[in-house]
Every structure is written in structure tokens, then in C-alpha cells.
>>> print(open('input_10.pdb').read())   # PDB, C-alpha atoms
MODEL        1
ATOM      1  CA  MET A 272       0.000   0.000   0.000  1.00  0.00           C
ATOM      2  CA  TYR A 273       1.265   3.455  -0.883  1.00  0.00           C
ATOM      3  CA  TYR A 274       0.767   6.722   0.932  1.00  0.00           C
ATOM      4  CA  GLY A 275      -2.495   8.353  -0.057  1.00  0.00           C
ATOM      5  CA  GLN A 276      -3.985   5.112  -1.344  1.00  0.00           C
ATOM      6  CA  PRO A 277      -7.365   4.188   0.161  1.00  0.00           C
ATOM      7  CA  THR A 278      -7.092   1.688   3.063  1.00  0.00           C
ATOM      8  CA  THR A 279      -9.373  -1.092   4.058  1.00  0.00           C
ATOM      9  CA  GLN A 280     -10.222  -2.354   7.528  1.00  0.00           C
ATOM     10  CA  ARG A 281      -8.144  -5.455   6.740  1.00  0.00           C
ATOM     11  CA  ASP A 282      -5.070  -3.317   5.943  1.00  0.00           C
ATOM     12  CA  ASN A 283      -5.521  -1.431   9.227  1.00  0.00           C
ATOM     13  CA  MET A 284      -5.664  -4.729  11.170  1.00  0.00           C
ATOM     14  CA  LYS A 285      -2.458  -5.994   9.496  1.00  0.00           C
ATOM     15  CA  SER A 286      -0.659  -2.781  10.447  1.00  0.00           C
ATOM     16  CA  ALA A 287      -1.913  -2.962  14.047  1.00  0.00           C
ATOM     17  CA  ASN A 288      -0.826  -6.616  14.336  1.00  0.00           C
ATOM     18  CA  ARG A 289       2.673  -5.793  13.057  1.00  0.00           C
ATOM     19  CA  GLY A 290       2.969  -2.976  15.605  1.00  0.00           C
ATOM     20  CA  ALA A 291       1.855  -5.248  18.447  1.00  0.00           C
ATOM     21  CA  ALA A 292       4.302  -7.953  17.344  1.00  0.00           C
ATOM     22  CA  MET A 293       7.183  -5.459  17.274  1.00  0.00           C
ATOM     23  CA  LEU A 294       6.298  -4.164  20.744  1.00  0.00           C
ATOM     24  CA  ALA A 295       6.150  -7.727  22.093  1.00  0.00           C
ATOM     25  CA  ALA A 296       9.576  -8.476  20.566  1.00  0.00           C
ATOM     26  CA  VAL A 297      11.102  -5.386  22.207  1.00  0.00           C
ATOM     27  CA  VAL A 298       9.644  -6.355  25.610  1.00  0.00           C
ATOM     28  CA  VAL A 299      10.916  -9.958  25.312  1.00  0.00           C
ATOM     29  CA  LEU A 300      14.422  -8.825  24.336  1.00  0.00           C
ATOM     30  CA  THR A 301      14.549  -6.288  27.173  1.00  0.00           C
ATOM     31  CA  VAL A 302      13.539  -8.876  29.767  1.00  0.00           C
ATOM     32  CA  ALA A 303      16.011 -11.422  28.345  1.00  0.00           C
ATOM     33  CA  ALA A 304      18.838  -8.865  28.510  1.00  0.00           C
ATOM     34  CA  ALA A 305      18.001  -8.087  32.142  1.00  0.00           C
ATOM     35  CA  LEU A 306      17.929 -11.760  33.106  1.00  0.00           C
ATOM     36  CA  LEU A 307      21.283 -12.384  31.421  1.00  0.00           C
ATOM     37  CA  ASN A 308      22.837  -9.331  33.123  1.00  0.00           C
ATOM     38  CA  VAL A 309      23.652  -7.721  29.760  1.00  0.00           C
ATOM     39  CA  VAL A 310      24.958  -4.174  30.025  1.00  0.00           C
ATOM     40  CA  PRO A 311      23.913  -2.033  27.035  1.00  0.00           C
ATOM     41  CA  ALA A 312      26.662  -0.865  24.679  1.00  0.00           C
ATOM     42  CA  PHE A 313      25.946   2.766  25.571  1.00  0.00           C
ATOM     43  CA  ALA A 314      26.502   2.142  29.303  1.00  0.00           C
ATOM     44  CA  ASP A 315      29.763   3.219  30.888  1.00  0.00           C
ATOM     45  CA  TYR A 316      32.239   0.390  31.302  1.00  0.00           C
ATOM     46  CA  ASP A 317      34.319   0.339  34.425  1.00  0.00           C
ATOM     47  CA  PRO A 318      35.530  -3.143  35.417  1.00  0.00           C
ATOM     48  CA  GLY A 319      35.983  -1.984  39.023  1.00  0.00           C
ATOM     49  CA  ALA A 320      32.488  -0.546  39.331  1.00  0.00           C
ATOM     50  CA  VAL A 321      29.602  -2.286  41.026  1.00  0.00           C
ATOM     51  CA  HIS A 322      26.566  -1.837  38.814  1.00  0.00           C
ATOM     52  CA  GLN A 323      23.305  -1.973  40.686  1.00  0.00           C
ATOM     53  CA  ILE A 324      21.625  -4.783  38.758  1.00  0.00           C
ATOM     54  CA  ASP A 325      20.387  -7.049  41.514  1.00  0.00           C
ATOM     55  CA  LEU A 326      19.168 -10.193  39.803  1.00  0.00           C
ATOM     56  CA  SER A 327      19.055 -12.107  43.065  1.00  0.00           C
ATOM     57  CA  ALA A 328      15.722 -10.422  43.714  1.00  0.00           C
ATOM     58  CA  LYS A 329      14.440 -11.689  40.358  1.00  0.00           C
ATOM     59  CA  ALA A 330      15.660 -15.154  41.285  1.00  0.00           C
ATOM     60  CA  GLY A 331      13.422 -15.221  44.329  1.00  0.00           C
ATOM     61  CA  GLY A 332      15.458 -12.980  46.655  1.00  0.00           C
ATOM     62  CA  THR A 333      17.337 -16.027  47.905  1.00  0.00           C
ATOM     63  CA  LEU A 334      20.585 -14.210  48.705  1.00  0.00           C
ATOM     64  CA  ALA A 335      19.302 -11.425  50.962  1.00  0.00           C
ATOM     65  CA  GLY A 336      19.571 -12.279  54.646  1.00  0.00           C
ATOM     66  CA  LYS A 337      21.760 -12.408  57.737  1.00  0.00           C
ATOM     67  CA  TYR A 338      24.597 -14.952  57.747  1.00  0.00           C
ATOM     68  CA  ARG A 339      27.065 -15.966  60.490  1.00  0.00           C
ATOM     69  CA  THR A 340      30.355 -17.783  60.686  1.00  0.00           C
ATOM     70  CA  THR A 341      32.836 -18.368  63.505  1.00  0.00           C
ATOM     71  CA  ILE A 342      36.521 -18.386  62.641  1.00  0.00           C
ATOM     72  CA  LYS A 343      39.059 -19.997  64.974  1.00  0.00           C
ATOM     73  CA  SER A 344      42.189 -19.409  62.899  1.00  0.00           C
ATOM     74  CA  PRO A 345      44.158 -17.584  61.635  1.00  0.00           C
ATOM     75  CA  ALA A 346      44.383 -15.253  64.615  1.00  0.00           C
ATOM     76  CA  GLU A 347      43.732 -12.079  62.573  1.00  0.00           C
ATOM     77  CA  PHE A 348      40.279 -13.387  61.559  1.00  0.00           C
ATOM     78  CA  LYS A 349      39.415 -15.102  64.854  1.00  0.00           C
ATOM     79  CA  GLY A 350      35.920 -14.427  66.159  1.00  0.00           C
ATOM     80  CA  SER A 351      32.266 -14.180  65.221  1.00  0.00           C
ATOM     81  CA  TRP A 352      31.431 -12.729  61.800  1.00  0.00           C
ATOM     82  CA  VAL A 353      28.040 -11.610  60.519  1.00  0.00           C
ATOM     83  CA  LEU A 354      27.343 -10.748  56.883  1.00  0.00           C
ATOM     84  CA  ILE A 355      24.069  -8.901  56.296  1.00  0.00           C
ATOM     85  CA  LEU A 356      22.949  -8.747  52.668  1.00  0.00           C
ATOM     86  CA  ALA A 357      20.021  -6.329  52.313  1.00  0.00           C
ATOM     87  CA  ARG A 358      17.516  -6.605  49.464  1.00  0.00           C
ATOM     88  CA  GLY A 359      18.394  -3.101  48.250  1.00  0.00           C
ATOM     89  CA  GLY A 360      21.944  -4.124  47.316  1.00  0.00           C
ATOM     90  CA  THR A 361      23.742  -2.982  50.467  1.00  0.00           C
ATOM     91  CA  TYR A 362      25.716  -5.114  52.876  1.00  0.00           C
ATOM     92  CA  THR A 363      27.249  -4.860  56.317  1.00  0.00           C
ATOM     93  CA  VAL A 364      30.064  -6.910  57.849  1.00  0.00           C
ATOM     94  CA  VAL A 365      30.116  -7.196  61.638  1.00  0.00           C
ATOM     95  CA  HIS A 366      33.059  -8.649  63.579  1.00  0.00           C
ATOM     96  CA  ASN A 367      32.523  -9.547  67.244  1.00  0.00           C
ATOM     97  CA  GLY A 368      29.547  -7.177  67.462  1.00  0.00           C
ATOM     98  CA  GLN A 369      31.300  -4.196  65.834  1.00  0.00           C
ATOM     99  CA  ILE A 370      30.466  -2.934  62.337  1.00  0.00           C
ATOM    100  CA  LEU A 371      33.630  -3.281  60.305  1.00  0.00           C
ATOM    101  CA  VAL A 372      32.500  -2.630  56.696  1.00  0.00           C
ATOM    102  CA  ARG A 373      29.493  -1.273  54.847  1.00  0.00           C
ATOM    103  CA  GLY A 374      29.198  -1.478  51.085  1.00  0.00           C
ATOM    104  CA  ARG A 375      27.137  -2.263  48.017  1.00  0.00           C
ATOM    105  CA  TYR A 376      26.753  -5.548  46.211  1.00  0.00           C
ATOM    106  CA  SER A 377      25.441  -6.670  42.865  1.00  0.00           C
ATOM    107  CA  ALA A 378      24.416 -10.295  42.374  1.00  0.00           C
ATOM    108  CA  THR A 379      23.310 -12.670  39.662  1.00  0.00           C
ATOM    109  CA  ARG A 380      22.134 -16.232  40.163  1.00  0.00           C
ATOM    110  CA  SER A 381      25.712 -17.429  40.630  1.00  0.00           C
ATOM    111  CA  LYS A 382      28.037 -14.429  41.131  1.00  0.00           C
ATOM    112  CA  ILE A 383      28.259 -11.532  43.543  1.00  0.00           C
ATOM    113  CA  THR A 384      30.428  -8.416  43.425  1.00  0.00           C
ATOM    114  CA  PHE A 385      31.220  -6.510  46.619  1.00  0.00           C
ATOM    115  CA  GLY A 386      32.388  -2.887  46.410  1.00  0.00           C
ATOM    116  CA  HIS A 387      31.971   0.779  47.337  1.00  0.00           C
ATOM    117  CA  GLU A 388      33.087  -0.092  50.864  1.00  0.00           C
ATOM    118  CA  THR A 389      33.467   2.189  53.849  1.00  0.00           C
ATOM    119  CA  GLY A 390      34.740   1.417  57.348  1.00  0.00           C
ATOM    120  CA  ASN A 391      37.901   0.217  59.075  1.00  0.00           C
ATOM    121  CA  GLY A 392      38.144  -2.968  57.000  1.00  0.00           C
ATOM    122  CA  ALA A 393      37.093  -1.438  53.667  1.00  0.00           C
ATOM    123  CA  CYS A 394      38.715  -2.396  50.371  1.00  0.00           C
ATOM    124  CA  ALA A 395      39.323   0.249  47.718  1.00  0.00           C
ATOM    125  CA  LYS A 396      38.474  -2.103  44.842  1.00  0.00           C
ATOM    126  CA  ALA A 397      35.548  -4.369  44.073  1.00  0.00           C
ATOM    127  CA  GLY A 398      35.838  -8.151  44.437  1.00  0.00           C
ATOM    128  CA  THR A 399      33.828 -10.784  42.576  1.00  0.00           C
ATOM    129  CA  TYR A 400      32.913 -14.226  43.922  1.00  0.00           C
ATOM    130  CA  THR A 401      30.701 -17.096  42.921  1.00  0.00           C
ATOM    131  CA  TRP A 402      28.129 -18.039  45.531  1.00  0.00           C
ATOM    132  CA  LYS A 403      26.239 -21.197  46.334  1.00  0.00           C
ATOM    133  CA  LYS A 404      23.422 -21.454  48.815  1.00  0.00           C
ATOM    134  CA  THR A 405      22.225 -24.843  50.047  1.00  0.00           C
ATOM    135  CA  ALA A 406      19.378 -24.752  52.577  1.00  0.00           C
ATOM    136  CA  ARG A 407      20.785 -22.320  55.180  1.00  0.00           C
ATOM    137  CA  THR A 408      24.484 -22.439  54.269  1.00  0.00           C
ATOM    138  CA  LEU A 409      26.179 -19.947  51.977  1.00  0.00           C
ATOM    139  CA  GLN A 410      29.603 -20.441  50.420  1.00  0.00           C
ATOM    140  CA  PHE A 411      31.702 -18.057  48.345  1.00  0.00           C
ATOM    141  CA  THR A 412      34.525 -18.832  45.919  1.00  0.00           C
ATOM    142  CA  ARG A 413      36.869 -16.067  44.837  1.00  0.00           C
ATOM    143  CA  VAL A 414      36.765 -15.196  41.133  1.00  0.00           C
ATOM    144  CA  SER A 415      38.769 -11.976  41.252  1.00  0.00           C
ATOM    145  CA  ASP A 416      39.798  -9.681  44.079  1.00  0.00           C
ATOM    146  CA  SER A 417      42.689  -7.372  44.830  1.00  0.00           C
ATOM    147  CA  PRO A 418      45.620  -8.899  46.767  1.00  0.00           C
ATOM    148  CA  LEU A 419      45.255  -5.885  49.066  1.00  0.00           C
ATOM    149  CA  CYS A 420      41.802  -7.192  50.085  1.00  0.00           C
ATOM    150  CA  ASN A 421      42.986 -10.421  51.699  1.00  0.00           C
ATOM    151  CA  GLY A 422      40.747  -9.700  54.692  1.00  0.00           C
ATOM    152  CA  ARG A 423      37.628  -9.878  52.541  1.00  0.00           C
ATOM    153  CA  SER A 424      38.777 -12.992  50.691  1.00  0.00           C
ATOM    154  CA  GLY A 425      39.910 -14.601  53.970  1.00  0.00           C
ATOM    155  CA  ILE A 426      36.520 -14.110  55.634  1.00  0.00           C
ATOM    156  CA  LEU A 427      34.503 -15.116  52.569  1.00  0.00           C
ATOM    157  CA  ALA A 428      36.499 -18.367  52.296  1.00  0.00           C
ATOM    158  CA  HIS A 429      34.505 -19.674  55.286  1.00  0.00           C
ATOM    159  CA  THR A 430      31.027 -21.202  55.229  1.00  0.00           C
ATOM    160  CA  PHE A 431      28.234 -18.957  56.502  1.00  0.00           C
ATOM    161  CA  THR A 432      24.947 -20.114  58.060  1.00  0.00           C
ATOM    162  CA  GLN A 433      21.780 -18.081  57.613  1.00  0.00           C
ATOM    163  CA  ARG A 434      20.061 -16.761  60.740  1.00  0.00           C
ATOM    164  CA  ARG A 435      16.400 -15.883  60.658  1.00  0.00           C
TER     165      ARG A 435
ENDMDL
END
>>> encode(input="input_10.pdb", output="C-alpha cells")
Amino acid sequence: MYYGQPTTQRDNMKSANRGAAMLAAVVVLTVAAALLNVVPAFADYDPGAVHQIDLSAKAGGTLAGKYRTTIKSPAEFKGSWVLILARGGTYTVVHNGQILVRGRYSATRSKITFGHETGNGACAKAGTYTWKKTARTLQFTRVSDSPLCNGRSGILAHTFTQRR
């Protein structure tokens, strides 16, 4: 059909169906990109940044919670540790009842990145770990982290138990 040519009701329906199909395709692709943690090409790329895409909430919110571990050795890590992962993407690390670090995290269904830390035990750079939760236990495995952040990697090497 050409511009200015008379249209029929059937032509109008075909056009409306094509528009609806295109809109549906855009919605499906957008959701798929979000689920796969795809960062658009126009987004800034900073490998040390923690982007606030919290897919753990889309995966049922299974990561948010309060977790504890007790470390007996080495001496520098000895004591009771609590890791609080809030649904909004913030976290707090408490050692023997004292807040040691506050920061932001970004998680997918299998990885978590900790960063933007403040406090006495804060790291200047972000660290990425895989995570696995089974019932009430949470385990982290280091993927990449600065050698200057051996405190964070040392604590996260232990198994945490969720407290309700």
C-alpha cells in the first residue's frame, strides 16, 4: 500500500498486528537482557564498578539475609562474623559485634560483586565471587579480588549459616 492510497479495515488490522508484534519483541528482548545481566553498549564500562543490577531479587530474593560464621584461625580473623545482605543491594560486615564494613553488592544467580566499601576494613576495589546457597548455608569462591583485600577474601572463604 502506498501513501495516499485508500485503506481497508483489513489493511488497518495488518498494520496494528505488526505494531503489536514489534512491541512484544522489544519487551521480550529487554527482559532477556536483564535476566542475562547484559549491560547495554551505551553504558559506561568500568571493570571496578559495582553496577546496581540485583538479579538475586528476580531469582526469588534467595541471597538477601543475615549470615554468620565463627573463625578460629588464623588469629587475625578469629571471632564471630556476621554478613548482612540487604535486598536493596547494600551489605554490612560485623566482627565480634562491631560494624567493620558497609558497602554495596550486585548479584546474579551465581556471582556476587562486593564494592563501594566504607569502614575500618574497607577495600578500595571491588571483588567478585561465585556463591552457592544450600538450605541455610552460603559459600563463596573467589573469582577476582585485589591482593590488598585479603581480609575480605579470607573471611569469605569460610562457610556462613543463615540466621532468621
>>> resolve_selection(input="input_10.pdb", expression="the PyMOL selection byres ((chain A and resi 406-412) around 7)", output="list of chain:residue names")
A:Tyr400, A:Thr401, A:Trp402, A:Lys403, A:Lys404, A:Thr405, A:Arg413, A:Val414, A:Leu427, A:Ala428, A:His429, A:Thr430, A:Phe431, A:Thr432, A:Gln433
>>> closest_residue(input="input_10.pdb", among="A:Thr379, A:Cys420, A:Thr384, A:Ile426", to="His366 of chain A", atoms="only C-alpha atoms")
A:Ile426
>>> closest_residue(input="input_10.pdb", among="A:Leu334, A:Ile355, A:Leu419, A:Val372", to="Lys396 of chain A", atoms="all atoms listed in the file")
A:Leu419
>>> residues_near_point(input="input_10.pdb", point="(34.4, -12.2, 67.8)", cutoff="10 Å", atoms="all atoms listed in the file", output="mmCIF file with C-alpha atoms, in the coordinates of the input")
data_model
loop_
_atom_site.group_PDB
_atom_site.id
_atom_site.type_symbol
_atom_site.label_atom_id
_atom_site.label_comp_id
_atom_site.auth_asym_id
_atom_site.auth_seq_id
_atom_site.Cartn_x
_atom_site.Cartn_y
_atom_site.Cartn_z
ATOM 1 C CA THR A 340 30.355 -17.783 60.686
ATOM 2 C CA THR A 341 32.836 -18.368 63.505
ATOM 3 C CA ILE A 342 36.521 -18.386 62.641
ATOM 4 C CA LYS A 343 39.059 -19.997 64.974
ATOM 5 C CA PHE A 348 40.279 -13.387 61.559
ATOM 6 C CA LYS A 349 39.415 -15.102 64.854
ATOM 7 C CA GLY A 350 35.920 -14.427 66.159
ATOM 8 C CA SER A 351 32.266 -14.180 65.221
ATOM 9 C CA TRP A 352 31.431 -12.729 61.800
ATOM 10 C CA VAL A 353 28.040 -11.610 60.519
ATOM 11 C CA VAL A 365 30.116 -7.196 61.638
ATOM 12 C CA HIS A 366 33.059 -8.649 63.579
ATOM 13 C CA ASN A 367 32.523 -9.547 67.244
ATOM 14 C CA GLY A 368 29.547 -7.177 67.462
ATOM 15 C CA GLN A 369 31.300 -4.196 65.834
#
>>> closest_residue(input="input_10.pdb", among="A:Thr333, A:Ser417, A:Thr399, A:Thr389", to="Gly374 of chain A", atoms="only C-alpha atoms")
A:Thr389
>>> residues_around(input="input_10.pdb", residues="Arg434 of chain A", least_positions_apart="5", cutoff="9 Å", atoms="only C-alpha atoms", output="number ranges by chain")
A: 336-339, 407
>>> write_last_selection(input="input_10.pdb", atoms="C-alpha atoms", output="short mmCIF file (atom, residue, chain, number, x, y, z; two decimals), keeping the file's coordinate frame")
data_model
loop_
_atom_site.label_atom_id
_atom_site.label_comp_id
_atom_site.auth_asym_id
_atom_site.auth_seq_id
_atom_site.Cartn_x
_atom_site.Cartn_y
_atom_site.Cartn_z
CA GLY A 336 19.57 -12.28 54.65
CA LYS A 337 21.76 -12.41 57.74
CA TYR A 338 24.60 -14.95 57.75
CA ARG A 339 27.06 -15.97 60.49
CA ARG A 407 20.78 -22.32 55.18
#
>>> atom_distance(input="input_10.pdb", atom1="atom CA of Pro418 of chain A", atom2="atom CA of Arg358 of chain A")
28.3 Å
>>> atom_distance(input="input_10.pdb", atom1="atom CA of Cys394 of chain A", atom2="atom CA of Glu347 of chain A")
16.4 Å
>>> atom_distance(input="input_10.pdb", atom1="atom CA of Ala395 of chain A", atom2="atom CA of Leu356 of chain A")
19.3 Å
>>> residues_around(input="input_10.pdb", residues="Tyr376 of chain A", least_positions_apart="4", cutoff="7 Å", atoms="only C-alpha atoms", output="list of chain:residue names")
A:Val321, A:Gly360, A:Thr361, A:Tyr362, A:Ile383, A:Thr384, A:Phe385, A:Gly386
>>> axis_aligned_box(input="input_10.pdb", around="segment 407-418 of chain A", padding_each_side="5 Å", output="JSON")
{"center_x": 33.2, "center_y": -14.9, "center_z": 48.2, "size_x": 34.8, "size_y": 25.1, "size_z": 24.0}
>>> decode(input="input_10.pdb", residues="segment 345-365 of chain A", atoms="N, CA, C and O atoms", output="JSON list (two decimals), in the first residue's frame")
[["chain", "number", "residue", "atom", "x", "y", "z"],
["A", 345, "PRO", "N", 43.01, -18.19, 60.97],
["A", 345, "PRO", "CA", 44.16, -17.58, 61.64],
["A", 345, "PRO", "C", 43.72, -16.52, 62.66],
["A", 345, "PRO", "O", 42.59, -16.06, 62.65],
["A", 346, "ALA", "N", 44.66, -16.16, 63.49],
["A", 346, "ALA", "CA", 44.38, -15.25, 64.62],
["A", 346, "ALA", "C", 43.79, -13.92, 64.17],
["A", 346, "ALA", "O", 42.93, -13.37, 64.85],
["A", 347, "GLU", "N", 44.23, -13.40, 63.01],
["A", 347, "GLU", "CA", 43.73, -12.08, 62.57],
["A", 347, "GLU", "C", 42.25, -12.09, 62.20],
["A", 347, "GLU", "O", 41.60, -11.06, 62.17],
["A", 348, "PHE", "N", 41.69, -13.28, 61.91],
["A", 348, "PHE", "CA", 40.28, -13.39, 61.56],
["A", 348, "PHE", "C", 39.44, -14.02, 62.67],
["A", 348, "PHE", "O", 38.24, -14.19, 62.53],
["A", 349, "LYS", "N", 40.08, -14.37, 63.79],
["A", 349, "LYS", "CA", 39.41, -15.10, 64.85],
["A", 349, "LYS", "C", 38.21, -14.33, 65.40],
["A", 349, "LYS", "O", 38.27, -13.13, 65.61],
["A", 350, "GLY", "N", 37.10, -15.04, 65.55],
["A", 350, "GLY", "CA", 35.92, -14.43, 66.16],
["A", 350, "GLY", "C", 34.64, -14.74, 65.40],
["A", 350, "GLY", "O", 34.60, -15.57, 64.50],
["A", 351, "SER", "N", 33.59, -14.02, 65.81],
["A", 351, "SER", "CA", 32.27, -14.18, 65.22],
["A", 351, "SER", "C", 32.08, -13.14, 64.11],
["A", 351, "SER", "O", 32.31, -11.95, 64.33],
["A", 352, "TRP", "N", 31.64, -13.60, 62.95],
["A", 352, "TRP", "CA", 31.43, -12.73, 61.80],
["A", 352, "TRP", "C", 29.99, -12.82, 61.35],
["A", 352, "TRP", "O", 29.41, -13.90, 61.28],
["A", 353, "VAL", "N", 29.41, -11.67, 61.03],
["A", 353, "VAL", "CA", 28.04, -11.61, 60.52],
["A", 353, "VAL", "C", 28.08, -10.82, 59.21],
["A", 353, "VAL", "O", 28.65, -9.73, 59.15],
["A", 354, "LEU", "N", 27.47, -11.39, 58.19],
["A", 354, "LEU", "CA", 27.34, -10.75, 56.88],
["A", 354, "LEU", "C", 25.86, -10.51, 56.65],
["A", 354, "LEU", "O", 25.08, -11.46, 56.61],
["A", 355, "ILE", "N", 25.47, -9.25, 56.52],
["A", 355, "ILE", "CA", 24.07, -8.90, 56.30],
["A", 355, "ILE", "C", 23.94, -8.39, 54.87],
["A", 355, "ILE", "O", 24.52, -7.35, 54.53],
["A", 356, "LEU", "N", 23.20, -9.13, 54.05],
["A", 356, "LEU", "CA", 22.95, -8.75, 52.67],
["A", 356, "LEU", "C", 21.52, -8.24, 52.57],
["A", 356, "LEU", "O", 20.57, -9.02, 52.70],
["A", 357, "ALA", "N", 21.35, -6.93, 52.39],
["A", 357, "ALA", "CA", 20.02, -6.33, 52.31],
["A", 357, "ALA", "C", 19.48, -6.45, 50.90],
["A", 357, "ALA", "O", 20.23, -6.50, 49.92],
["A", 358, "ARG", "N", 18.17, -6.48, 50.78],
["A", 358, "ARG", "CA", 17.52, -6.60, 49.46],
["A", 358, "ARG", "C", 17.84, -5.44, 48.54],
["A", 358, "ARG", "O", 17.85, -5.58, 47.34],
["A", 359, "GLY", "N", 18.12, -4.27, 49.07],
["A", 359, "GLY", "CA", 18.39, -3.10, 48.25],
["A", 359, "GLY", "C", 19.78, -3.06, 47.65],
["A", 359, "GLY", "O", 20.16, -2.10, 46.99],
["A", 360, "GLY", "N", 20.61, -4.09, 47.89],
["A", 360, "GLY", "CA", 21.94, -4.12, 47.32],
["A", 360, "GLY", "C", 23.02, -3.57, 48.23],
["A", 360, "GLY", "O", 24.13, -3.28, 47.78],
["A", 361, "THR", "N", 22.72, -3.42, 49.52],
["A", 361, "THR", "CA", 23.74, -2.98, 50.47],
["A", 361, "THR", "C", 24.12, -4.15, 51.36],
["A", 361, "THR", "O", 23.36, -5.10, 51.52],
["A", 362, "TYR", "N", 25.30, -4.07, 51.94],
["A", 362, "TYR", "CA", 25.72, -5.11, 52.88],
["A", 362, "TYR", "C", 26.50, -4.51, 54.03],
["A", 362, "TYR", "O", 27.03, -3.40, 53.94],
["A", 363, "THR", "N", 26.53, -5.25, 55.11],
["A", 363, "THR", "CA", 27.25, -4.86, 56.32],
["A", 363, "THR", "C", 28.01, -6.07, 56.82],
["A", 363, "THR", "O", 27.49, -7.18, 56.82],
["A", 364, "VAL", "N", 29.25, -5.85, 57.25],
["A", 364, "VAL", "CA", 30.06, -6.91, 57.85],
["A", 364, "VAL", "C", 30.32, -6.52, 59.30],
["A", 364, "VAL", "O", 30.80, -5.43, 59.59],
["A", 365, "VAL", "N", 29.97, -7.44, 60.20],
["A", 365, "VAL", "CA", 30.12, -7.20, 61.64],
["A", 365, "VAL", "C", 31.08, -8.23, 62.20],
["A", 365, "VAL", "O", 30.93, -9.43, 61.94]]
